[in-house]
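> Input structure: my_file-v1.cif, which contains mmCIF, C-alpha atoms.
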```cif
data_final
loop_
_atom_site.group_PDB
_atom_site.id
_atom_site.type_symbol
_atom_site.label_atom_id
_atom_site.label_comp_id
_atom_site.auth_asym_id
_atom_site.auth_seq_id
_atom_site.Cartn_x
_atom_site.Cartn_y
_atom_site.Cartn_z
ATOM 1 C CA MET A 54 -149.829 110.183 53.315
ATOM 2 C CA LEU A 55 -151.400 113.549 54.182
ATOM 3 C CA ARG A 56 -150.855 114.819 50.640
ATOM 4 C CA SER A 57 -152.508 111.703 49.207
ATOM 5 C CA LEU A 58 -155.523 112.189 51.456
ATOM 6 C CA PHE A 59 -155.929 115.798 50.337
ATOM 7 C CA ARG A 60 -155.693 114.820 46.672
ATOM 8 C CA ALA A 61 -158.324 112.130 47.161
ATOM 9 C CA ALA A 62 -160.552 114.644 48.930
ATOM 10 C CA ALA A 63 -160.199 117.065 46.007
ATOM 11 C CA GLY A 64 -161.967 114.585 43.743
ATOM 12 C CA SER A 65 -164.806 113.746 46.125
ATOM 13 C CA SER A 66 -168.145 115.352 45.201
ATOM 14 C CA ARG A 67 -169.614 114.141 48.501
ATOM 15 C CA LEU A 68 -166.952 115.941 50.528
ATOM 16 C CA GLU A 69 -167.428 119.027 48.356
ATOM 17 C CA ARG A 70 -171.123 119.123 49.300
ATOM 18 C CA LEU A 71 -170.266 118.714 52.969
ATOM 19 C CA VAL A 72 -167.662 121.481 52.851
ATOM 20 C CA GLU A 73 -170.005 123.803 50.989
ATOM 21 C CA SER A 74 -172.803 123.323 53.504
ATOM 22 C CA ALA A 75 -170.733 123.638 56.701
ATOM 23 C CA PRO A 76 -170.946 127.140 58.244
ATOM 24 C CA VAL A 77 -167.220 127.359 59.018
ATOM 25 C CA SER A 78 -166.329 126.124 55.525
ATOM 26 C CA LYS A 79 -168.573 128.762 53.979
ATOM 27 C CA ASP A 80 -166.594 131.405 55.840
ATOM 28 C CA VAL A 81 -163.332 130.009 54.463
ATOM 29 C CA VAL A 82 -164.678 129.907 50.900
ATOM 30 C CA ARG A 83 -166.065 133.450 51.072
ATOM 31 C CA ARG A 84 -162.770 134.663 52.549
ATOM 32 C CA PHE A 85 -160.550 133.277 49.792
ATOM 33 C CA ILE A 86 -162.791 132.821 46.712
ATOM 34 C CA ALA A 87 -164.590 135.740 45.039
ATOM 35 C CA GLY A 88 -167.537 133.626 43.873
ATOM 36 C CA ARG A 89 -168.594 131.137 41.235
ATOM 37 C CA SER A 90 -169.248 133.551 38.383
ATOM 38 C CA ALA A 91 -167.493 136.375 36.552
ATOM 39 C CA GLU A 92 -170.253 138.687 37.727
ATOM 40 C CA GLU A 93 -169.451 137.911 41.373
ATOM 41 C CA ALA A 94 -165.742 138.334 40.690
ATOM 42 C CA LEU A 95 -166.370 141.776 39.194
ATOM 43 C CA VAL A 96 -168.420 142.820 42.221
ATOM 44 C CA ALA A 97 -165.491 141.815 44.451
ATOM 45 C CA SER A 98 -163.080 143.574 42.066
ATOM 46 C CA ARG A 99 -165.056 146.794 42.223
ATOM 47 C CA ALA A 100 -164.956 146.741 46.022
ATOM 48 C CA LEU A 101 -161.175 146.244 45.997
ATOM 49 C CA VAL A 102 -160.674 149.004 43.437
ATOM 50 C CA ASP A 103 -162.786 151.349 45.564
ATOM 51 C CA ASP A 104 -160.308 150.634 48.382
ATOM 52 C CA GLY A 105 -157.379 151.756 46.215
ATOM 53 C CA LEU A 106 -156.249 148.300 45.073
ATOM 54 C CA VAL A 107 -155.917 146.684 41.645
ATOM 55 C CA VAL A 108 -156.820 143.118 40.683
ATOM 56 C CA SER A 109 -155.690 140.013 38.829
ATOM 57 C CA LEU A 110 -158.621 137.692 38.091
ATOM 58 C CA ASP A 111 -157.917 133.949 38.102
ATOM 59 C CA LEU A 112 -160.590 131.652 36.667
ATOM 60 C CA LEU A 113 -160.234 128.379 38.564
ATOM 61 C CA GLY A 114 -159.983 125.116 36.666
ATOM 62 C CA GLU A 115 -156.449 123.786 36.211
ATOM 63 C CA ASP A 116 -157.563 120.143 35.835
ATOM 64 C CA THR A 117 -158.585 120.357 32.187
ATOM 65 C CA ARG A 118 -158.697 116.866 30.724
ATOM 66 C CA THR A 119 -160.544 117.341 27.436
ATOM 67 C CA ILE A 120 -160.438 119.721 24.485
ATOM 68 C CA GLU A 121 -164.007 120.714 25.264
ATOM 69 C CA GLN A 122 -162.998 121.830 28.764
ATOM 70 C CA ALA A 123 -160.091 123.810 27.318
ATOM 71 C CA VAL A 124 -162.409 125.573 24.864
ATOM 72 C CA THR A 125 -164.824 126.370 27.684
ATOM 73 C CA ALA A 126 -161.996 127.884 29.758
ATOM 74 C CA ARG A 127 -160.899 130.022 26.806
ATOM 75 C CA ASP A 128 -164.443 131.222 26.194
ATOM 76 C CA ASP A 129 -164.950 131.969 29.887
ATOM 77 C CA TYR A 130 -161.881 134.192 29.864
ATOM 78 C CA LEU A 131 -163.052 135.957 26.710
ATOM 79 C CA GLY A 132 -166.408 136.624 28.340
ATOM 80 C CA THR A 133 -164.771 137.870 31.534
ATOM 81 C CA LEU A 134 -162.547 140.272 29.613
ATOM 82 C CA GLY A 135 -165.590 141.656 27.847
ATOM 83 C CA ARG A 136 -167.251 142.266 31.213
ATOM 84 C CA VAL A 137 -164.095 143.941 32.550
ATOM 85 C CA ARG A 138 -164.116 146.293 29.545
ATOM 86 C CA ASP A 139 -167.833 147.038 29.812
ATOM 87 C CA ALA A 140 -167.493 147.736 33.540
ATOM 88 C CA GLY A 141 -164.780 150.300 32.861
ATOM 89 C CA LEU A 142 -162.224 148.353 34.921
ATOM 90 C CA SER A 143 -159.629 147.635 32.236
ATOM 91 C CA SER A 144 -157.014 149.954 33.747
ATOM 92 C CA VAL A 145 -157.174 148.233 37.145
ATOM 93 C CA VAL A 146 -158.150 144.608 36.448
ATOM 94 C CA GLU A 147 -156.073 142.114 34.485
ATOM 95 C CA VAL A 148 -156.313 138.313 34.218
ATOM 96 C CA SER A 149 -154.053 135.448 35.263
ATOM 97 C CA VAL A 150 -154.131 132.306 33.136
ATOM 98 C CA LYS A 151 -152.942 128.761 33.785
ATOM 99 C CA LEU A 152 -151.984 127.123 30.511
ATOM 100 C CA SER A 153 -153.063 123.771 31.932
ATOM 101 C CA ALA A 154 -156.627 125.137 32.039
ATOM 102 C CA LEU A 155 -156.321 125.910 28.323
ATOM 103 C CA GLY A 156 -155.245 122.367 27.450
ATOM 104 C CA GLN A 157 -151.450 122.452 27.794
ATOM 105 C CA ARG A 158 -151.343 118.854 29.053
ATOM 106 C CA ILE A 159 -153.410 117.731 26.057
ATOM 107 C CA ASP A 160 -151.944 119.765 23.207
ATOM 108 C CA GLU A 161 -149.393 122.553 23.708
ATOM 109 C CA LYS A 162 -150.218 124.147 20.358
ATOM 110 C CA LEU A 163 -153.896 124.243 21.259
ATOM 111 C CA ALA A 164 -153.100 125.892 24.608
ATOM 112 C CA TYR A 165 -150.957 128.476 22.816
ATOM 113 C CA GLU A 166 -153.766 129.325 20.392
ATOM 114 C CA HIS A 167 -156.202 129.684 23.288
ATOM 115 C CA ALA A 168 -153.759 131.881 25.202
ATOM 116 C CA ARG A 169 -153.235 133.983 22.080
ATOM 117 C CA ALA A 170 -156.979 134.542 21.737
ATOM 118 C CA ILE A 171 -157.147 135.635 25.388
ATOM 119 C CA CYS A 172 -154.198 138.001 24.970
ATOM 120 C CA ALA A 173 -155.829 139.539 21.906
ATOM 121 C CA ALA A 174 -159.076 140.048 23.823
ATOM 122 C CA ALA A 175 -157.171 141.550 26.742
ATOM 123 C CA GLU A 176 -155.363 143.981 24.446
ATOM 124 C CA GLU A 177 -158.663 144.974 22.833
ATOM 125 C CA ALA A 178 -160.151 145.516 26.293
ATOM 126 C CA GLY A 179 -157.182 147.634 27.345
ATOM 127 C CA THR A 180 -155.717 145.256 29.907
ATOM 128 C CA ALA A 181 -153.138 142.440 30.101
ATOM 129 C CA VAL A 182 -152.565 138.747 30.803
ATOM 130 C CA THR A 183 -150.094 137.026 33.122
ATOM 131 C CA LEU A 184 -149.252 133.355 32.550
ATOM 132 C CA ASP A 185 -149.257 131.486 35.844
ATOM 133 C CA ALA A 186 -146.503 129.086 36.850
ATOM 134 C CA GLU A 187 -147.350 125.474 37.674
ATOM 135 C CA GLU A 188 -145.324 122.315 38.350
ATOM 136 C CA HIS A 189 -141.665 122.486 37.321
ATOM 137 C CA GLY A 190 -142.197 120.084 34.425
ATOM 138 C CA SER A 191 -144.272 122.694 32.601
ATOM 139 C CA THR A 192 -141.884 125.618 33.134
ATOM 140 C CA ASP A 193 -139.997 125.380 29.832
ATOM 141 C CA ALA A 194 -143.185 125.034 27.794
ATOM 142 C CA THR A 195 -144.821 127.937 29.626
ATOM 143 C CA LEU A 196 -141.834 130.254 29.136
ATOM 144 C CA GLU A 197 -141.601 129.289 25.462
ATOM 145 C CA THR A 198 -145.284 130.170 25.094
ATOM 146 C CA LEU A 199 -144.628 133.459 26.880
ATOM 147 C CA LEU A 200 -141.840 134.415 24.476
ATOM 148 C CA GLU A 201 -144.060 133.678 21.473
ATOM 149 C CA LEU A 202 -146.982 135.644 22.884
ATOM 150 C CA ARG A 203 -144.822 138.632 23.775
ATOM 151 C CA LYS A 204 -143.865 139.091 20.109
ATOM 152 C CA ASP A 205 -147.360 140.443 19.483
ATOM 153 C CA PHE A 206 -148.533 141.103 23.052
ATOM 154 C CA PRO A 207 -145.489 142.500 24.886
ATOM 155 C CA ALA A 208 -147.464 143.262 28.053
ATOM 156 C CA THR A 209 -147.950 139.531 28.741
ATOM 157 C CA GLY A 210 -146.501 138.737 32.148
ATOM 158 C CA ALA A 211 -144.685 135.728 33.579
ATOM 159 C CA VAL A 212 -144.686 134.067 36.992
ATOM 160 C CA LEU A 213 -141.439 132.713 38.429
ATOM 161 C CA GLN A 214 -141.206 130.580 41.554
ATOM 162 C CA ALA A 215 -138.273 131.299 43.861
ATOM 163 C CA TYR A 216 -138.133 127.796 45.286
ATOM 164 C CA LEU A 217 -137.025 126.370 41.935
ATOM 165 C CA ARG A 218 -133.252 126.214 41.610
ATOM 166 C CA ARG A 219 -133.427 127.450 38.013
ATOM 167 C CA THR A 220 -135.293 130.667 38.786
ATOM 168 C CA GLU A 221 -132.313 132.997 39.224
ATOM 169 C CA GLY A 222 -131.360 132.278 35.625
ATOM 170 C CA ASP A 223 -134.934 132.790 34.461
ATOM 171 C CA CYS A 224 -135.033 136.132 36.289
ATOM 172 C CA ARG A 225 -131.924 137.297 34.450
ATOM 173 C CA GLU A 226 -133.441 136.346 31.095
ATOM 174 C CA LEU A 227 -136.759 138.050 31.879
ATOM 175 C CA SER A 228 -135.504 141.260 33.500
ATOM 176 C CA ALA A 229 -135.264 143.215 30.251
ATOM 177 C CA ALA A 230 -137.210 146.393 29.517
ATOM 178 C CA GLY A 231 -140.935 145.814 29.053
ATOM 179 C CA SER A 232 -140.957 142.456 30.810
ATOM 180 C CA ARG A 233 -143.473 141.923 33.618
ATOM 181 C CA VAL A 234 -142.498 139.246 36.156
ATOM 182 C CA ARG A 235 -144.455 138.096 39.176
ATOM 183 C CA LEU A 236 -142.044 136.576 41.706
ATOM 184 C CA CYS A 237 -143.564 134.217 44.273
ATOM 185 C CA LYS A 238 -142.158 131.567 46.581
ATOM 186 C CA GLY A 239 -143.966 128.636 44.906
ATOM 187 C CA SER A 240 -146.616 126.301 46.233
ATOM 188 C CA TYR A 241 -146.254 122.944 44.480
ATOM 189 C CA ALA A 242 -144.581 119.922 46.021
ATOM 190 C CA GLU A 243 -141.306 119.511 44.120
ATOM 191 C CA PRO A 244 -138.306 117.169 44.515
ATOM 192 C CA GLU A 245 -135.067 118.380 46.060
ATOM 193 C CA SER A 246 -133.297 117.958 42.739
ATOM 194 C CA VAL A 247 -135.204 120.923 41.277
ATOM 195 C CA ALA A 248 -136.399 122.906 44.282
ATOM 196 C CA PHE A 249 -135.102 124.227 47.584
ATOM 197 C CA GLN A 250 -136.762 122.402 50.465
ATOM 198 C CA SER A 251 -136.180 124.571 53.536
ATOM 199 C CA SER A 252 -138.031 127.832 54.154
ATOM 200 C CA LEU A 253 -134.728 129.612 54.761
ATOM 201 C CA ASP A 254 -133.283 128.513 51.419
ATOM 202 C CA VAL A 255 -136.487 129.530 49.616
ATOM 203 C CA ASP A 256 -136.403 132.958 51.260
ATOM 204 C CA LYS A 257 -132.739 133.444 50.333
ATOM 205 C CA SER A 258 -133.519 132.530 46.735
ATOM 206 C CA PHE A 259 -136.469 134.934 46.742
ATOM 207 C CA VAL A 260 -134.184 137.799 47.802
ATOM 208 C CA ARG A 261 -131.541 136.919 45.205
ATOM 209 C CA CYS A 262 -134.212 136.817 42.504
ATOM 210 C CA LEU A 263 -135.714 140.046 43.797
ATOM 211 C CA ASN A 264 -132.346 141.799 43.502
ATOM 212 C CA ILE A 265 -132.036 140.657 39.883
ATOM 213 C CA LEU A 266 -135.509 141.919 38.976
ATOM 214 C CA MET A 267 -135.220 145.205 40.878
ATOM 215 C CA SER A 268 -131.843 145.950 39.286
ATOM 216 C CA GLY A 269 -133.115 145.090 35.807
ATOM 217 C CA GLU A 270 -135.202 147.113 33.377
ATOM 218 C CA GLY A 271 -138.458 145.177 33.659
ATOM 219 C CA TYR A 272 -141.462 145.542 35.949
ATOM 220 C CA PRO A 273 -141.212 143.347 39.090
ATOM 221 C CA MET A 274 -144.434 142.093 40.685
ATOM 222 C CA VAL A 275 -143.582 141.007 44.228
ATOM 223 C CA ALA A 276 -146.018 138.291 45.260
ATOM 224 C CA THR A 277 -145.630 137.437 48.945
ATOM 225 C CA HIS A 278 -147.464 137.707 52.253
ATOM 226 C CA ASP A 279 -144.232 137.410 54.225
ATOM 227 C CA ALA A 280 -143.785 140.664 56.193
ATOM 228 C CA ARG A 281 -140.001 140.306 56.199
ATOM 229 C CA LEU A 282 -139.810 139.839 52.431
ATOM 230 C CA ILE A 283 -142.191 142.754 51.874
ATOM 231 C CA ALA A 284 -139.888 144.967 53.950
ATOM 232 C CA ILE A 285 -136.862 143.731 51.983
ATOM 233 C CA ALA A 286 -138.675 144.483 48.710
ATOM 234 C CA GLU A 287 -139.400 148.040 49.883
ATOM 235 C CA ASP A 288 -135.733 148.442 50.794
ATOM 236 C CA ARG A 289 -134.515 146.980 47.473
ATOM 237 C CA ALA A 290 -136.815 149.315 45.543
ATOM 238 C CA ARG A 291 -135.279 152.302 47.324
ATOM 239 C CA TRP A 292 -131.762 150.945 46.796
ATOM 240 C CA PHE A 293 -132.316 150.600 43.050
ATOM 241 C CA ASP A 294 -134.102 153.970 42.819
ATOM 242 C CA ARG A 295 -137.422 152.526 41.747
ATOM 243 C CA SER A 296 -140.459 154.730 42.210
ATOM 244 C CA THR A 297 -143.698 153.213 43.485
ATOM 245 C CA GLY A 298 -144.958 153.118 39.902
ATOM 246 C CA GLU A 299 -142.077 150.942 38.717
ATOM 247 C CA PHE A 300 -143.008 147.763 40.607
ATOM 248 C CA GLU A 301 -145.969 146.361 42.496
ATOM 249 C CA PHE A 302 -146.917 144.100 45.370
ATOM 250 C CA GLN A 303 -149.315 141.194 44.913
ATOM 251 C CA LEU A 304 -151.263 139.451 47.669
ATOM 252 C CA MET A 305 -154.041 136.890 47.576
ATOM 253 C CA TYR A 306 -157.674 137.741 48.124
ATOM 254 C CA GLY A 307 -158.569 137.451 51.796
ATOM 255 C CA VAL A 308 -154.975 137.271 53.018
ATOM 256 C CA ARG A 309 -153.598 140.111 55.165
ATOM 257 C CA PRO A 310 -156.130 142.711 53.972
ATOM 258 C CA GLU A 311 -154.837 145.322 56.402
ATOM 259 C CA GLU A 312 -151.339 144.902 54.954
ATOM 260 C CA GLN A 313 -152.773 145.396 51.480
ATOM 261 C CA THR A 314 -154.358 148.647 52.648
ATOM 262 C CA ARG A 315 -151.160 149.774 54.392
ATOM 263 C CA LEU A 316 -149.026 149.223 51.312
ATOM 264 C CA ALA A 317 -151.520 150.995 49.066
ATOM 265 C CA ALA A 318 -151.738 153.918 51.482
ATOM 266 C CA GLY A 319 -147.960 154.275 51.144
ATOM 267 C CA GLY A 320 -148.359 154.922 47.423
ATOM 268 C CA ASN A 321 -147.573 151.378 46.284
ATOM 269 C CA THR A 322 -149.485 149.550 43.589
ATOM 270 C CA VAL A 323 -151.053 146.553 45.323
ATOM 271 C CA ARG A 324 -152.651 143.909 43.135
ATOM 272 C CA VAL A 325 -155.009 141.382 44.701
ATOM 273 C CA TYR A 326 -154.937 137.903 43.169
ATOM 274 C CA LEU A 327 -158.653 137.076 42.957
ATOM 275 C CA PRO A 328 -159.669 133.459 42.244
ATOM 276 C CA TYR A 329 -163.237 132.646 41.215
ATOM 277 C CA GLY A 330 -165.200 129.950 39.420
ATOM 278 C CA GLU A 331 -167.101 126.714 39.809
ATOM 279 C CA HIS A 332 -163.956 124.729 40.613
ATOM 280 C CA TRP A 333 -163.202 126.506 43.901
ATOM 281 C CA TYR A 334 -163.321 123.294 45.967
ATOM 282 C CA ALA A 335 -160.629 121.468 44.010
ATOM 283 C CA TYR A 336 -158.502 124.629 44.024
ATOM 284 C CA LEU A 337 -158.578 125.017 47.812
ATOM 285 C CA VAL A 338 -158.000 121.354 48.589
ATOM 286 C CA ARG A 339 -155.224 120.957 46.039
ATOM 287 C CA ARG A 340 -153.405 123.974 47.440
ATOM 288 C CA LEU A 341 -153.462 122.141 50.774
ATOM 289 C CA ALA A 342 -152.305 118.957 49.051
ATOM 290 C CA ASP A 343 -149.411 120.710 47.337
ATOM 291 C CA ARG A 344 -148.139 121.982 50.674
ATOM 292 C CA PRO A 345 -149.923 120.667 53.797
ATOM 293 C CA ALA A 346 -148.295 123.505 55.749
ATOM 294 C CA ASN A 347 -150.860 125.690 53.979
ATOM 295 C CA VAL A 348 -153.443 124.340 56.426
ATOM 296 C CA GLY A 349 -151.813 126.339 59.200
ATOM 297 C CA PHE A 350 -151.385 129.320 56.904
ATOM 298 C CA ALA A 351 -155.108 129.323 56.032
ATOM 299 C CA ALA A 352 -156.027 129.048 59.704
ATOM 300 C CA ARG A 353 -153.809 132.023 60.586
ATOM 301 C CA ALA A 354 -155.211 134.049 57.708
ATOM 302 C CA MET A 355 -158.749 133.347 58.910
ATOM 303 C CA THR A 356 -158.003 134.521 62.437
ATOM 304 C CA SER A 357 -155.747 137.473 61.638
ATOM 305 C CA LYS A 358 -156.540 140.741 59.916
ATOM 306 C CA LYS A 359 -152.880 141.735 59.528
#
```
If you took the structure in this file and wrote it as structure tokens, what would it be?

Amino acid sequence: MLRSLFRAAAGSSRLERLVESAPVSKDVVRRFIAGRSAEEALVASRALVDDGLVVSLDLLGEDTRTIEQAVTARDDYLGTLGRVRDAGLSSVVEVSVKLSALGQRIDEKLAYEHARAICAAAEEAGTAVTLDAEEHGSTDATLETLLELRKDFPATGAVLQAYLRRTEGDCRELSAAGSRVRLCKGSYAEPESVAFQSSLDVDKSFVRCLNILMSGEGYPMVATHDARLIAIAEDRARWFDRSTGEFEFQLMYGVRPEEQTRLAAGGNTVRVYLPYGEHWYAYLVRRLADRPANVGFAARAMTSKK
């Protein structure tokens, strides 16, 4: 019931206007969203880079329903990459891409061609692309697209979600030299048949997957805000003799900023996942719909600096 209410709210333009105008809501949006435009996202990126962090830009808009919207998303990414290059940020700012935003649900070939164009622009700009994970039903198609893209753009990264039962196997396949893998817990509502349901089981899977990636020859990107899992990742890196330049931590914009600073001060690469764009409202509400427990998480993040 709660999930259905959130999803209905995500499509309400009236509620969007109310949220945007409420003082408390404005604070939440500013805390977690870099802005509506690429220019605002680059201003936020520059501030993060000045604090010793690196960035992954995520243009919001996963609800692409038409080819025209998919083309617009592709062109927006191309424009953003040009701005990253012109700003001299290519070595510290990359982009994250949801294939659904590029039309994957309409035409997988079209989404691949759009992703290829973005990867080519990223390579020309001197940076890289990571393909985001979405619902489990799209995982095979996304990983197939990844393998095709990596033939010409080997720096293209993948995202694997530890709560999916299949992910240990995917980690083994993607832990080879040159492979970049962002490991996160996962945020979509998934059935028990494909995903672990308890927090403990998800955490255990995360650690098993982390061990596979840290012991492999690829480049692990550890995406979590969980202090215990961060500590385990630091320990696993030492155990497998990885230097701080052979893996990185990733945290979301506005979440545990003092922890981001602490990790960076320890010599770690810390990449901030920075969402921006006109579709911020649907993004925030759908994240709550996917996992209503995120409501409490957002509230804690708003009231805590650690």
> To test your reading of the syntax: which residues would the PyMOL selection byres ((chain A and resi 307) around 8) return for the file shown? Reply as a list in words.
Arg84, Phe85, Met305, Tyr306, Val308, Arg309, Pro310 and Ala354 of chain A
> Let me make sure I understand: among A:Glu92, A:Tyr241, A:Arg324, A:Ile283, which one has the smallest atom-to-atom distance to Val145 in chain A if we use only C-alpha atoms?
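For Val145 in chain A, the nearest of the given residues is A:Arg324.
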> Applied to the shown file, which residues does the PyMOL selection byres ((chain A and resi 144) around 9) return, written as a ChimeraX atom specification?
/A:107,141-143,145-147,179-180
> Given the selection you just returned, output its residues as a file containing C-alpha atoms, formatted as an mmCIF file, keeping the file's coordinate frame.

```cif
data_model
loop_
_atom_site.group_PDB
_atom_site.id
_atom_site.type_symbol
_atom_site.label_atom_id
_atom_site.label_comp_id
_atom_site.auth_asym_id
_atom_site.auth_seq_id
_atom_site.Cartn_x
_atom_site.Cartn_y
_atom_site.Cartn_z
ATOM 1 C CA VAL A 107 -155.917 146.684 41.645
ATOM 2 C CA GLY A 141 -164.780 150.300 32.861
ATOM 3 C CA LEU A 142 -162.224 148.353 34.921
ATOM 4 C CA SER A 143 -159.629 147.635 32.236
ATOM 5 C CA VAL A 145 -157.174 148.233 37.145
ATOM 6 C CA VAL A 146 -158.150 144.608 36.448
ATOM 7 C CA GLU A 147 -156.073 142.114 34.485
ATOM 8 C CA GLY A 179 -157.182 147.634 27.345
ATOM 9 C CA THR A 180 -155.717 145.256 29.907
#
```
> Just to confirm, what's the straight-line distance from CA of Leu217 in chain A to CA of Asp279 in chain A in Å (one decimal)?
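Interatomic distance, CA of Leu217 in chain A to CA of Asp279 in chain A: 18.0 Å.
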> Identify which of the residues A:Ser268, A:Ser109, A:Thr220, A:Ser246 lies closest to Ala181 in chain A, counting all atoms listed in the file when measuring atom-to-atom distances.
A:Ser109
> Would you mind listing what lies within 12 Å of Thr117 in chain A as an NGL selection string, with all atoms listed in the file counted and same-chain residues fewer than 6 positions away left out?
:A and (123-127 or 151-160 or 164 or 332)
> I need the residues from that last selection saved to file as a PDB file, keeping the file's coordinate frame (with C-alpha atoms), if you can.

```
ATOM      1  CA  ALA A 123    -160.091 123.810  27.318  1.00  0.00           C
ATOM      2  CA  VAL A 124    -162.409 125.573  24.864  1.00  0.00           C
ATOM      3  CA  THR A 125    -164.824 126.370  27.684  1.00  0.00           C
ATOM      4  CA  ALA A 126    -161.996 127.884  29.758  1.00  0.00           C
ATOM      5  CA  ARG A 127    -160.899 130.022  26.806  1.00  0.00           C
ATOM      6  CA  LYS A 151    -152.942 128.761  33.785  1.00  0.00           C
ATOM      7  CA  LEU A 152    -151.984 127.123  30.511  1.00  0.00           C
ATOM      8  CA  SER A 153    -153.063 123.771  31.932  1.00  0.00           C
ATOM      9  CA  ALA A 154    -156.627 125.137  32.039  1.00  0.00           C
ATOM     10  CA  LEU A 155    -156.321 125.910  28.323  1.00  0.00           C
ATOM     11  CA  GLY A 156    -155.245 122.367  27.450  1.00  0.00           C
ATOM     12  CA  GLN A 157    -151.450 122.452  27.794  1.00  0.00           C
ATOM     13  CA  ARG A 158    -151.343 118.854  29.053  1.00  0.00           C
ATOM     14  CA  ILE A 159    -153.410 117.731  26.057  1.00  0.00           C
ATOM     15  CA  ASP A 160    -151.944 119.765  23.207  1.00  0.00           C
ATOM     16  CA  ALA A 164    -153.100 125.892  24.608  1.00  0.00           C
ATOM     17  CA  HIS A 332    -163.956 124.729  40.613  1.00  0.00           C
TER      18      HIS A 332
END
```
> Quick one: which residues end up in the PyMOL selection byres ((chain A and resi 208) around 12) for this structure, as a PyMOL selection string?
chain A and resi 147-148+172-173+175-176+179-184+199-200+202-207+209-211+230-234+271-272
